[in-house]
$ cat final33.csv   # CSV, C-alpha atoms
chain,number,residue,atom,x,y,z
M,689,MET,CA,172.6,187.8,158.3
M,690,LEU,CA,176.2,189.1,158.5
M,691,LYS,CA,177.4,185.8,157.0
M,692,THR,CA,175.1,186.1,154.0
M,693,ALA,CA,176.1,189.7,153.4
M,694,LEU,CA,179.8,188.8,153.5
M,695,LEU,CA,179.2,185.9,151.1
M,696,THR,CA,177.4,188.2,148.7
M,697,ILE,CA,180.2,190.7,148.9
M,698,GLY,CA,182.8,187.9,148.4
M,699,LEU,CA,181.0,186.6,145.3
M,700,PHE,CA,180.6,190.1,143.9
M,701,ALA,CA,184.4,190.6,144.3
M,702,LEU,CA,185.1,187.2,142.6
M,703,ASN,CA,182.9,188.1,139.7
M,704,ALA,CA,184.6,191.5,139.5
M,705,ILE,CA,188.0,189.9,139.3
M,706,SER,CA,186.8,187.5,136.7
M,707,SER,CA,185.4,190.2,134.5
M,708,LEU,CA,188.7,192.1,134.8
M,709,TYR,CA,190.6,189.0,133.5
M,710,GLY,CA,188.2,188.6,130.7
M,711,GLY,CA,187.4,185.1,129.3
M,712,ALA,CA,184.1,183.3,129.2
M,713,ALA,CA,181.1,184.6,131.2
M,714,PHE,CA,181.3,183.1,134.7
M,715,ASN,CA,178.9,183.1,137.6
M,716,PHE,CA,180.7,182.2,140.8
M,717,ALA,CA,177.5,181.9,142.7
M,718,GLU,CA,176.4,179.0,140.6
M,719,ALA,CA,179.8,177.5,140.1
M,720,THR,CA,181.3,174.4,141.8
M,721,LYS,CA,184.3,175.0,144.0
M,722,ILE,CA,187.4,172.8,143.6
M,723,THR,CA,189.2,172.5,146.9
M,724,SER,CA,191.3,169.4,146.5
M,725,LEU,CA,193.1,167.3,143.9
M,726,PRO,CA,192.8,165.1,141.9
M,727,PHE,CA,189.4,166.4,140.7
M,728,ILE,CA,187.2,164.9,138.0
M,729,ILE,CA,184.6,167.0,136.2
M,730,ASN,CA,181.8,164.8,134.9
M,731,ALA,CA,179.0,167.3,134.1
M,732,PRO,CA,178.7,170.5,132.1
M,733,GLY,CA,178.8,173.8,134.1
M,734,ASN,CA,181.1,176.3,135.8
M,735,TYR,CA,183.9,175.3,138.2
M,736,TYR,CA,186.6,177.3,140.0
M,737,LEU,CA,189.7,176.9,142.1
M,738,ALA,CA,188.9,178.0,145.6
M,739,LYS,CA,192.6,178.4,146.5
M,740,GLU,CA,196.1,177.6,145.3
M,741,LEU,CA,196.2,173.8,144.8
M,742,THR,CA,199.3,171.6,144.6
M,743,TYR,CA,199.2,168.1,143.2
M,744,THR,CA,201.6,165.4,144.2
M,745,ASN,CA,200.6,161.9,143.3
M,746,ALA,CA,202.1,159.4,145.7
M,747,ASN,CA,201.3,156.2,143.7
M,748,GLY,CA,202.2,157.6,140.3
M,749,ALA,CA,199.2,156.0,138.6
M,750,ASN,CA,196.8,158.8,137.7
M,751,ALA,CA,199.1,161.7,137.0
M,752,VAL,CA,196.4,164.2,136.1
M,753,ALA,CA,195.4,166.9,138.6
M,754,ILE,CA,192.1,167.8,137.0
M,755,VAL,CA,190.3,165.7,134.4
M,756,ILE,CA,187.4,167.2,132.4
M,757,ASN,CA,185.1,164.4,131.2
M,758,ALA,CA,182.3,166.7,130.0
M,759,SER,CA,181.6,169.3,127.3
M,760,GLU,CA,180.4,172.8,127.9
M,761,VAL,CA,182.6,173.4,130.9
M,762,VAL,CA,184.2,176.6,132.1
M,763,LEU,CA,187.0,176.2,134.6
M,764,ASP,CA,188.0,179.5,136.1
M,765,LEU,CA,191.3,179.3,137.9
M,766,ASN,CA,190.2,182.4,139.8
M,767,GLY,CA,193.6,184.0,139.8
M,768,GLU,CA,195.0,181.0,141.7
M,769,THR,CA,197.7,178.5,140.8
M,770,LEU,CA,197.5,174.9,139.9
M,771,LYS,CA,200.8,173.6,140.9
M,772,ALA,CA,202.8,170.3,140.3
M,773,ASP,CA,204.9,168.7,143.0
M,774,GLY,CA,206.8,165.4,143.5
M,775,ILE,CA,206.3,163.0,140.6
M,776,GLU,CA,204.1,165.4,138.8
M,777,LYS,CA,207.2,167.5,138.0
M,778,VAL,CA,209.1,164.6,136.5
M,779,SER,CA,209.5,164.9,132.7
M,780,ASN,CA,206.7,163.3,130.7
M,781,VAL,CA,204.6,162.3,133.8
M,782,GLY,CA,202.4,165.1,135.2
M,783,ILE,CA,199.5,166.7,133.5
M,784,GLY,CA,197.7,169.7,135.0
M,785,ILE,CA,194.3,169.5,133.2
M,786,ALA,CA,193.3,166.9,130.7
M,787,VAL,CA,190.3,167.3,128.3
M,788,ILE,CA,189.8,164.2,126.2
M,789,ASN,CA,187.1,164.1,123.4
M,790,GLN,CA,185.1,167.1,124.6
M,791,GLU,CA,183.9,170.4,123.1
M,792,ASP,CA,183.3,173.9,124.3
M,793,VAL,CA,185.6,173.7,127.3
M,794,THR,CA,187.2,176.9,128.5
M,795,ILE,CA,190.1,177.2,131.0
M,796,GLN,CA,190.8,180.7,132.1
M,797,ASN,CA,192.3,183.2,134.5
M,798,GLY,CA,195.1,181.7,136.6
M,799,ASP,CA,198.4,179.9,136.6
M,800,ILE,CA,199.4,176.4,135.8
M,801,ASP,CA,203.0,175.6,137.1
M,802,GLY,CA,205.6,173.0,136.7
M,803,PHE,CA,203.9,170.0,135.2
M,804,GLY,CA,206.4,167.5,133.8
M,805,ALA,CA,204.4,166.6,130.7
M,806,PHE,CA,201.6,169.1,129.8
M,807,GLY,CA,200.0,172.1,131.6
M,808,ILE,CA,196.8,171.4,129.6
M,809,LEU,CA,196.1,168.5,127.3
M,810,PHE,CA,193.3,169.0,124.8
M,811,ALA,CA,192.9,165.8,122.8
M,812,GLY,CA,190.6,164.0,120.4
M,813,SER,CA,191.2,160.3,120.1
M,814,ASP,CA,189.3,159.4,117.0
M,815,GLY,CA,189.6,162.2,114.5
M,816,ARG,CA,186.0,163.3,114.9
M,817,ARG,CA,185.6,167.0,114.7
M,818,GLU,CA,183.4,167.3,117.8
M,819,HIS,CA,186.1,165.6,119.9
M,820,ASN,CA,188.5,168.4,120.8
M,821,PHE,CA,186.4,171.1,119.2
M,822,LYS,CA,186.2,174.8,120.2
M,823,ASN,CA,188.2,174.2,123.4
M,824,GLU,CA,189.9,177.2,124.7
M,825,ALA,CA,192.6,178.5,127.1
M,826,GLU,CA,192.4,182.2,127.9
M,827,ASN,CA,194.4,184.4,130.2
M,828,VAL,CA,196.4,181.6,131.7
M,829,ARG,CA,200.1,181.8,132.7
M,830,PHE,CA,202.1,178.6,132.2
M,831,ASN,CA,205.3,178.6,134.2
M,832,GLY,CA,207.8,175.8,133.7
M,833,ASP,CA,205.5,173.2,132.3
M,834,GLN,CA,207.4,171.0,129.9
M,835,VAL,CA,204.7,171.8,127.2
M,836,GLY,CA,202.2,174.5,128.2
M,837,VAL,CA,199.3,173.5,126.0
M,838,MET,CA,199.3,170.2,124.0
M,839,THR,CA,196.5,169.8,121.6
M,840,VAL,CA,195.9,166.6,119.5
M,841,SER,CA,193.5,166.3,116.6
M,842,GLY,CA,191.6,169.5,117.5
M,843,SER,CA,189.6,172.0,115.5
M,844,LEU,CA,188.9,175.6,116.3
M,845,VAL,CA,191.0,175.2,119.4
M,846,ASP,CA,191.8,178.7,120.7
M,847,VAL,CA,194.7,179.8,123.0
M,848,GLU,CA,194.5,183.5,123.6
M,849,ASN,CA,196.1,186.1,125.9
M,850,CYS,CA,198.3,183.4,127.6
M,851,PHE,CA,201.8,183.7,128.8
M,852,PHE,CA,204.3,180.8,128.5
M,853,GLU,CA,207.5,181.0,130.5
M,854,GLY,CA,210.2,178.3,130.6
M,855,GLY,CA,209.6,174.6,129.8
M,856,SER,CA,210.5,173.2,126.4
M,857,VAL,CA,207.5,174.1,124.2
M,858,GLY,CA,204.8,176.7,124.8
M,859,ILE,CA,202.1,175.3,122.5
M,860,TYR,CA,202.5,171.9,120.7
M,861,ASP,CA,199.7,171.3,118.2
M,862,VAL,CA,199.6,167.9,116.5
M,863,ALA,CA,197.3,166.7,113.7
M,864,THR,CA,194.9,169.6,113.8
M,865,LEU,CA,191.8,169.2,111.7
M,866,GLY,CA,191.9,172.9,111.0
M,867,GLY,CA,191.1,176.3,112.4
M,868,ASP,CA,193.3,176.2,115.6
M,869,ARG,CA,194.2,179.8,116.6
M,870,PHE,CA,196.9,181.1,118.8
M,871,GLN,CA,196.6,184.8,119.3
M,872,LYS,CA,198.0,187.5,121.5
M,873,ASP,CA,200.1,185.0,123.5
M,874,SER,CA,203.6,185.6,124.8
M,875,PHE,CA,206.3,183.0,124.8
M,876,GLN,CA,209.5,183.3,126.7
M,877,SER,CA,212.6,181.3,127.3
M,878,GLN,CA,211.6,177.8,126.1
M,879,ALA,CA,214.7,175.6,126.2
M,880,GLY,CA,215.7,172.0,125.8
M,881,VAL,CA,214.9,170.1,129.0
M,882,GLU,CA,216.2,166.6,129.9
M,883,ALA,CA,213.5,164.7,128.1
M,884,LEU,CA,212.2,167.1,125.5
M,885,ASN,CA,215.1,168.8,123.8
M,886,LEU,CA,213.2,171.4,121.8
M,887,GLY,CA,213.2,175.0,123.1
M,888,ILE,CA,210.5,176.5,120.8
M,889,GLY,CA,207.5,178.7,121.5
M,890,LEU,CA,205.0,177.1,119.1
M,891,ILE,CA,205.1,173.9,117.0
M,892,SER,CA,202.4,172.7,114.6
M,893,LEU,CA,203.0,169.2,113.1
M,894,GLY,CA,200.9,166.9,110.9
M,895,GLY,CA,197.9,169.2,110.6
M,896,VAL,CA,196.8,172.0,108.5
M,897,GLY,CA,195.2,175.4,109.0
M,898,VAL,CA,196.8,176.8,112.2
M,899,LEU,CA,196.9,180.5,112.7
M,900,SER,CA,199.6,182.2,114.8
M,901,GLU,CA,198.7,185.9,115.1
M,902,ASP,CA,200.0,188.8,117.1
M,903,ASN,CA,202.2,186.7,119.3
M,904,LEU,CA,205.4,187.6,120.9
M,905,PHE,CA,208.3,185.2,121.1
M,906,ALA,CA,211.4,186.0,123.1
M,907,ASP,CA,214.7,184.3,124.0
M,908,GLU,CA,213.8,180.9,122.4
M,909,GLN,CA,216.7,178.5,122.4
M,910,THR,CA,216.0,176.8,119.1
M,911,ALA,CA,213.3,178.8,117.2
M,912,ALA,CA,210.4,181.1,117.8
M,913,ALA,CA,207.9,178.9,115.9
M,914,PHE,CA,207.8,176.0,113.5
M,915,LEU,CA,204.7,175.4,111.4
M,916,GLN,CA,205.0,172.3,109.3
M,917,ASP,CA,202.3,172.9,106.8
M,918,ARG,CA,202.5,175.6,104.1
M,919,ASP,CA,198.9,176.5,104.7
M,920,ASP,CA,199.5,177.3,108.4
M,921,ARG,CA,199.6,181.0,108.7
M,922,LEU,CA,201.8,183.5,110.5
M,923,ARG,CA,200.4,187.1,110.9
M,924,PHE,CA,202.1,190.0,112.7
M,925,ASN,CA,204.2,188.0,115.1
M,926,THR,CA,207.2,189.5,116.8
M,927,GLU,CA,210.4,187.8,117.6
M,928,ILE,CA,213.1,189.0,120.0
M,929,ASN,CA,216.5,187.3,120.5
M,930,CYS,CA,215.5,183.9,119.3
M,931,ALA,CA,218.0,181.5,117.8
M,932,GLN,CA,215.8,181.2,114.7
M,933,LYS,CA,212.7,183.1,113.9
M,934,PHE,CA,209.7,181.5,112.1
M,935,ILE,CA,210.2,178.3,110.2
M,936,GLY,CA,207.6,177.0,107.7
M,937,GLY,CA,204.0,178.2,107.4
M,938,ARG,CA,202.8,181.0,105.2
M,939,SER,CA,203.9,184.4,106.3
M,940,GLN,CA,201.4,187.2,105.9
M,941,GLY,CA,203.0,189.9,108.0
M,942,ALA,CA,206.2,191.8,107.3
M,943,ALA,CA,208.1,190.5,110.3
M,944,ASP,CA,207.0,186.8,110.0
M,945,ASP,CA,209.9,185.6,107.9
V,190,MET,CA,156.5,180.5,61.7
V,191,ILE,CA,158.8,183.0,63.4
V,192,ARG,CA,161.0,180.1,64.4
V,193,LEU,CA,161.3,179.0,60.7
V,194,TRP,CA,162.3,182.5,59.6
V,195,VAL,CA,165.0,182.7,62.3
V,196,MET,CA,166.4,179.3,61.2
V,197,LEU,CA,166.4,180.4,57.5
V,198,LEU,CA,168.2,183.7,58.4
V,199,SER,CA,170.8,181.8,60.5
V,200,ALA,CA,171.5,179.4,57.6
V,201,GLY,CA,171.9,182.4,55.3
V,202,VAL,CA,174.4,184.1,57.6
V,203,LEU,CA,176.3,180.8,57.9
V,204,LEU,CA,176.5,180.4,54.1
V,205,ALA,CA,177.7,184.0,53.6
V,206,GLY,CA,180.5,183.3,56.1
V,207,CYS,CA,181.6,180.2,54.3
V,208,SER,CA,181.7,182.0,51.0
V,209,LYS,CA,184.2,184.5,52.3
V,210,ALA,CA,186.9,181.8,52.8
V,211,PRO,CA,187.8,181.5,49.1
V,212,GLU,CA,187.7,185.3,48.8
V,213,ALA,CA,190.3,185.5,51.7
V,214,LEU,CA,192.5,183.0,49.9
V,215,ALA,CA,192.1,185.0,46.7
V,216,ASN,CA,193.5,188.1,48.4
V,217,LEU,CA,196.7,186.4,49.3
V,218,PRO,CA,199.7,186.7,46.9
V,219,PRO,CA,199.9,183.6,44.5
V,220,GLU,CA,203.2,182.3,46.0
V,221,LYS,CA,201.7,182.3,49.5
V,222,VAL,CA,198.7,180.4,48.3
V,223,GLU,CA,200.9,177.9,46.6
V,224,ALA,CA,203.1,177.5,49.7
V,225,LEU,CA,200.0,176.9,51.9
V,226,GLN,CA,198.7,174.3,49.5
V,227,ARG,CA,202.0,172.4,49.5
V,228,HIS,CA,202.6,172.7,53.3
V,229,PRO,CA,199.3,173.2,55.2
V,230,PRO,CA,199.9,174.3,58.8
V,231,GLU,CA,200.1,171.4,61.2
V,232,ALA,CA,198.6,171.2,64.6
V,233,SER,CA,201.1,171.8,67.4
V,234,THR,CA,202.7,168.6,68.7
V,235,THR,CA,203.4,170.2,72.1
V,236,PRO,CA,200.7,169.0,74.5
V,237,PHE,CA,199.0,171.8,76.3
V,238,PRO,CA,199.1,171.0,80.0
V,239,ASN,CA,195.9,170.9,81.9
V,240,SER,CA,195.7,172.9,85.1
V,241,ARG,CA,196.7,170.0,87.3
V,242,ASP,CA,199.8,169.3,85.3
V,243,GLN,CA,200.8,172.9,85.5
V,244,LEU,CA,200.3,172.9,89.3
V,245,THR,CA,202.4,169.8,89.6
V,246,THR,CA,205.2,171.5,87.6
V,247,ILE,CA,205.1,174.6,89.7
V,248,GLU,CA,205.2,172.6,93.0
V,249,ALA,CA,208.0,170.4,91.8
V,250,SER,CA,210.1,173.2,90.3
V,251,PRO,CA,213.3,173.2,92.4
V,252,ALA,CA,214.7,176.2,94.2
V,253,PRO,CA,217.7,177.7,92.5
V,254,THR,CA,220.7,175.5,93.2
V,255,ALA,CA,223.1,176.6,95.8
V,256,THR,CA,226.0,176.2,93.4
V,257,ALA,CA,224.6,178.8,91.1
V,258,LEU,CA,224.0,181.3,93.9
V,259,PHE,CA,227.1,181.3,96.2
V,260,ALA,CA,230.8,181.7,95.5
V,261,HIS,CA,232.5,179.6,98.2
V,262,SER,CA,232.2,175.8,98.2
V,263,GLU,CA,231.8,175.7,102.0
V,264,THR,CA,228.8,178.0,101.6
V,265,VAL,CA,227.3,175.8,98.9
V,266,GLN,CA,227.7,172.7,101.1
V,267,ALA,CA,226.2,174.4,104.2
V,268,VAL,CA,223.2,175.7,102.0
V,269,GLN,CA,222.7,172.1,100.8
V,270,GLU,CA,222.7,170.8,104.4
V,271,TYR,CA,220.2,173.6,105.2
V,272,ALA,CA,217.9,172.6,102.3
V,273,THR,CA,218.1,168.9,103.4
V,274,ALA,CA,217.1,169.9,107.0
V,275,VAL,CA,214.1,171.9,105.7
V,276,THR,CA,213.0,169.0,103.6
V,277,GLU,CA,213.3,166.7,106.6
V,278,LEU,CA,211.2,169.1,108.6
V,279,HIS,CA,208.5,169.3,106.0
V,280,ASN,CA,208.4,165.5,105.8
V,281,TYR,CA,208.6,164.9,109.5
V,282,GLY,CA,206.0,162.5,110.8
V,283,GLN,CA,205.6,160.5,107.6
V,284,HIS,CA,207.4,157.5,109.3
V,285,THR,CA,206.8,158.3,112.9
V,286,ALA,CA,203.3,158.3,114.3
V,287,LEU,CA,201.9,159.9,117.4
V,288,PRO,CA,200.2,157.4,119.7
V,289,ASP,CA,196.5,157.6,120.3
V,290,ALA,CA,195.3,160.5,122.5
V,291,LYS,CA,194.0,158.2,125.2
V,292,THR,CA,197.4,156.5,125.3
V,293,ILE,CA,199.1,159.9,125.7
V,294,TYR,CA,196.7,160.8,128.4
V,295,GLN,CA,197.4,157.6,130.4
V,296,ASN,CA,201.1,157.6,129.7
V,297,PRO,CA,202.5,160.9,128.4
V,298,SER,CA,205.9,159.5,127.9
V,299,SER,CA,204.5,157.4,125.0
V,300,ALA,CA,204.4,160.6,122.9
V,301,ALA,CA,208.0,161.6,123.7
V,302,GLY,CA,209.6,159.9,120.7
V,303,TYR,CA,207.3,161.7,118.2
V,304,LEU,CA,207.4,165.1,120.0
V,305,ASN,CA,211.1,165.0,120.4
V,306,GLY,CA,212.1,163.8,117.0
V,307,VAL,CA,211.4,167.0,115.2
V,308,GLY,CA,214.0,168.6,117.4
V,309,VAL,CA,216.8,166.8,115.6
V,310,SER,CA,216.0,168.4,112.2
V,311,LEU,CA,215.4,171.8,113.9
V,312,ARG,CA,218.8,171.7,115.4
V,313,LYS,CA,220.4,170.6,112.1
V,314,LEU,CA,218.7,173.5,110.5
V,315,LYS,CA,220.1,175.9,113.1
V,316,GLU,CA,223.6,174.5,112.7
V,317,ALA,CA,223.5,174.6,108.9
V,318,ARG,CA,222.1,178.2,109.0
V,319,GLU,CA,225.0,179.3,111.3
V,320,LYS,CA,227.5,177.7,109.0
V,321,VAL,CA,226.0,179.5,106.0
V,322,GLU,CA,226.0,182.8,107.7
V,323,VAL,CA,229.7,182.7,108.6
V,324,SER,CA,230.8,181.6,105.2
V,325,LEU,CA,228.9,184.1,103.0
V,326,ALA,CA,231.0,186.2,100.6
V,327,PRO,CA,230.5,190.0,100.8
V,328,GLY,CA,227.3,191.0,99.2
V,329,GLU,CA,225.7,187.5,99.4
V,330,GLU,CA,223.5,188.2,102.4
V,331,ALA,CA,220.5,189.4,100.5
V,332,ARG,CA,220.7,186.4,98.1
V,333,TRP,CA,220.9,184.1,101.1
V,334,GLU,CA,217.9,185.7,102.7
V,335,ALA,CA,215.9,185.4,99.5
V,336,TYR,CA,216.9,181.7,99.2
V,337,ARG,CA,216.1,181.0,102.8
V,338,LYS,CA,212.6,182.5,102.5
V,339,SER,CA,212.0,180.7,99.3
V,340,VAL,CA,212.7,177.2,100.8
V,341,GLU,CA,211.2,177.9,104.2
V,342,HIS,CA,208.0,179.8,103.5
V,343,LEU,CA,205.4,180.4,100.9
V,344,SER,CA,205.3,184.2,101.4
V,345,GLU,CA,202.3,186.3,100.3

$ encode --input "final33.csv" --output "structure tokens"
Amino acid sequence: MLKTALLTIGLFALNAISSLYGGAAFNFAEATKITSLPFIINAPGNYYLAKELTYTNANGANAVAIVINASEVVLDLNGETLKADGIEKVSNVGIGIAVINQEDVTIQNGDIDGFGAFGILFAGSDGRREHNFKNEAENVRFNGDQVGVMTVSGSLVDVENCFFEGGSVGIYDVATLGGDRFQKDSFQSQAGVEALNLGIGLISLGGVGVLSEDNLFADEQTAAAFLQDRDDRLRFNTEINCAQKFIGGRSQGAADD
Amino acid sequence: MIRLWVMLLSAGVLLAGCSKAPEALANLPPEKVEALQRHPPEASTTPFPNSRDQLTTIEASPAPTATALFAHSETVQAVQEYATAVTELHNYGQHTALPDAKTIYQNPSSAAGYLNGVGVSLRKLKEAREKVEVSLAPGEEARWEAYRKSVEHLSE
């Protein structure tokens, strides 16, 4: 009886924390708990980190801590940290969470630290819109990942209310099919690392239709943001102490030049 | 029947209009009429561009040359280096392809060449910009800012 009451109170507290963070609606009572790594998600549904998890991969083969092989998934980090160690920290090796050819995947509410390649990889492999479609990272702190969020061939990918500290690039968007949005994010102190000598908050290459809105960029070694296509848009971004401000794109706010 | 009347009325209006043409000529001074008869106006030989041609012309129109804008030759050279770096950035990826997403997932280092390459042009841009900024003559700052924005962005 006492056990049930404590469990109920615990779940209530988790839901309260989740609602404070924001993000997609999440019901801890019906969610699957992740307690060890690597972890593979093969079915739609809600998942959450039960505690801080550190991934070190002894054999170096599968370097991804969490693989999401299903659409319509919400992964709540539950205020915990997904952390790289060992070979996962080596440049261009470790990936925190990989989402390949899926749609409606949300990753929210926690930290992803120190992955040598990408904190999150959202990717579509065949240019079909429904592969890497409406995927989202919300309220996540990326600390020292070489690239915080890497998205390839996406559309309507949304990264919002996230914080990127350190590493080489905050968000790297390649070959978007259109509509990717990066809003209310903060980028700080991206710099050239051994293998990826960039030092930029946000890069968009080879696609069209990216929106960077209401973001803050501070102390960037090379530039705040580079948007290759002239139809990529910059709106109301702020830059503090970056080597260069905003390069490329179409500026729509007074400070976006 | 009504249709027939409408057709007859339209024909009448048309004939009345035509009959005005000789009257208009008659109102001109004789020397003007003579000149018109000897040299009738020719159609313009300049082709009117269609909208696509106009767009191409606008897109292709070059930014003002650095030589015309800046006093010192070192500024001009740095601005030209800057413009070259901007062009490289806008063209980046035409000759370098990102590997397939599944390949990146299995082996993230396969993407490193593509992801890193753009950094070369970005650093060139930064160096050229710094060179320009230290070599500007007094009063050229605003001109440089306007030039920089015109080559980097499409402002609204």

$ residues_near_point --input "final33.csv" --point "(180.8, 178.6, 129.1)" --cutoff "10 Å" --atoms "all atoms listed in the file" --output "MDAnalysis selection string"
chainID M and resid 711:715 732:734 759:763 792:795

$ interface_residues --input "final33.csv" --of "chain V" --to "chain M" --cutoff "8 Å" --atoms "only C-alpha atoms" --output "ChimeraX atom specification"
/V:278-279,281-282,289-291,294-298,301,304-305,308,311-312,315,338,341-345

$ atom_distance --input "final33.csv" --atom1 "atom CA of M:Gly842" --atom2 "atom CA of V:Thr292"
16.2 Å

$ atom_distance --input "final33.csv" --atom1 "atom CA of M:Glu882" --atom2 "atom CA of V:Ser299"
15.7 Å

$ closest_residue --input "final33.csv" --among "V:Ser310, V:Glu334, V:Glu329, V:Ala260" --to "V:Val275" --atoms "all atoms listed in the file"
V:Ser310

$ atom_distance --input "final33.csv" --atom1 "atom CA of M:Ala912" --atom2 "atom CA of V:Leu314"
13.4 Å

$ residues_around --input "final33.csv" --residues "M:Gly802" --least-positions-apart "3" --cutoff "12 Å" --atoms "all atoms listed in the file" --output "PyMOL selection string"
chain M and resi 742-744+769-784+799+805-808+829-836+852-856

$ residues_around --input "final33.csv" --residues "M:Thr723" --least-positions-apart "4" --cutoff "8 Å" --atoms "all atoms listed in the file" --output "list in words"
Leu737, Ala738, Lys739 and Leu741 of chain M

$ closest_residue --input "final33.csv" --among "V:Gln269, V:Thr276, V:Ser339, V:Gln283" --to "V:Ala257" --atoms "all atoms listed in the file"
V:Gln269

$ residues_around --input "final33.csv" --residues "V:Arg318" --least-positions-apart "2" --cutoff "8 Å" --atoms "only C-alpha atoms" --output "PyMOL selection string"
chain V and resi 267-268+271+314-316+320-322

$ residues_around --input "final33.csv" --residues "M:Ile754" --least-positions-apart "5" --cutoff "6 Å" --atoms "all atoms listed in the file" --output "list in words"
Pro726, Phe727, Ile728 and Ile785 of chain M

$ build_atoms --input "final33.csv" --residues "stretch 300-315 of chain V" --atoms "N, CA and C atoms" --output "CSV table (one decimal), in the coordinates of the input"
chain,number,residue,atom,x,y,z
V,300,ALA,N,204.4,159.6,124.0
V,300,ALA,CA,204.4,160.6,122.9
V,300,ALA,C,205.8,161.2,122.8
V,301,ALA,N,206.7,160.9,123.7
V,301,ALA,CA,208.0,161.6,123.7
V,301,ALA,C,208.8,161.4,122.4
V,302,GLY,N,208.8,160.2,121.9
V,302,GLY,CA,209.6,159.9,120.7
V,302,GLY,C,209.1,160.8,119.5
V,303,TYR,N,207.8,160.9,119.3
V,303,TYR,CA,207.3,161.7,118.2
V,303,TYR,C,207.6,163.2,118.5
V,304,LEU,N,207.3,163.6,119.7
V,304,LEU,CA,207.4,165.1,120.0
V,304,LEU,C,208.8,165.5,119.9
V,305,ASN,N,209.7,164.7,120.3
V,305,ASN,CA,211.1,165.0,120.4
V,305,ASN,C,211.8,165.0,119.1
V,306,GLY,N,211.4,164.0,118.2
V,306,GLY,CA,212.1,163.8,117.0
V,306,GLY,C,212.3,165.0,116.1
V,307,VAL,N,211.3,165.8,116.0
V,307,VAL,CA,211.4,167.0,115.2
V,307,VAL,C,212.6,167.9,115.6
V,308,GLY,N,213.0,167.8,116.8
V,308,GLY,CA,214.0,168.6,117.4
V,308,GLY,C,215.4,168.4,116.7
V,309,VAL,N,215.6,167.1,116.2
V,309,VAL,CA,216.8,166.8,115.6
V,309,VAL,C,217.0,167.6,114.3
V,310,SER,N,215.9,167.6,113.5
V,310,SER,CA,216.0,168.4,112.2
V,310,SER,C,216.0,169.9,112.5
V,311,LEU,N,215.3,170.4,113.5
V,311,LEU,CA,215.4,171.8,113.9
V,311,LEU,C,216.8,172.2,114.3
V,312,ARG,N,217.4,171.4,115.0
V,312,ARG,CA,218.8,171.7,115.4
V,312,ARG,C,219.8,171.6,114.2
V,313,LYS,N,219.6,170.6,113.4
V,313,LYS,CA,220.4,170.6,112.1
V,313,LYS,C,220.2,171.8,111.3
V,314,LEU,N,219.0,172.3,111.3
V,314,LEU,CA,218.7,173.5,110.5
V,314,LEU,C,219.4,174.7,111.1
V,315,LYS,N,219.4,174.8,112.4
V,315,LYS,CA,220.1,175.9,113.1
V,315,LYS,C,221.6,175.9,112.8
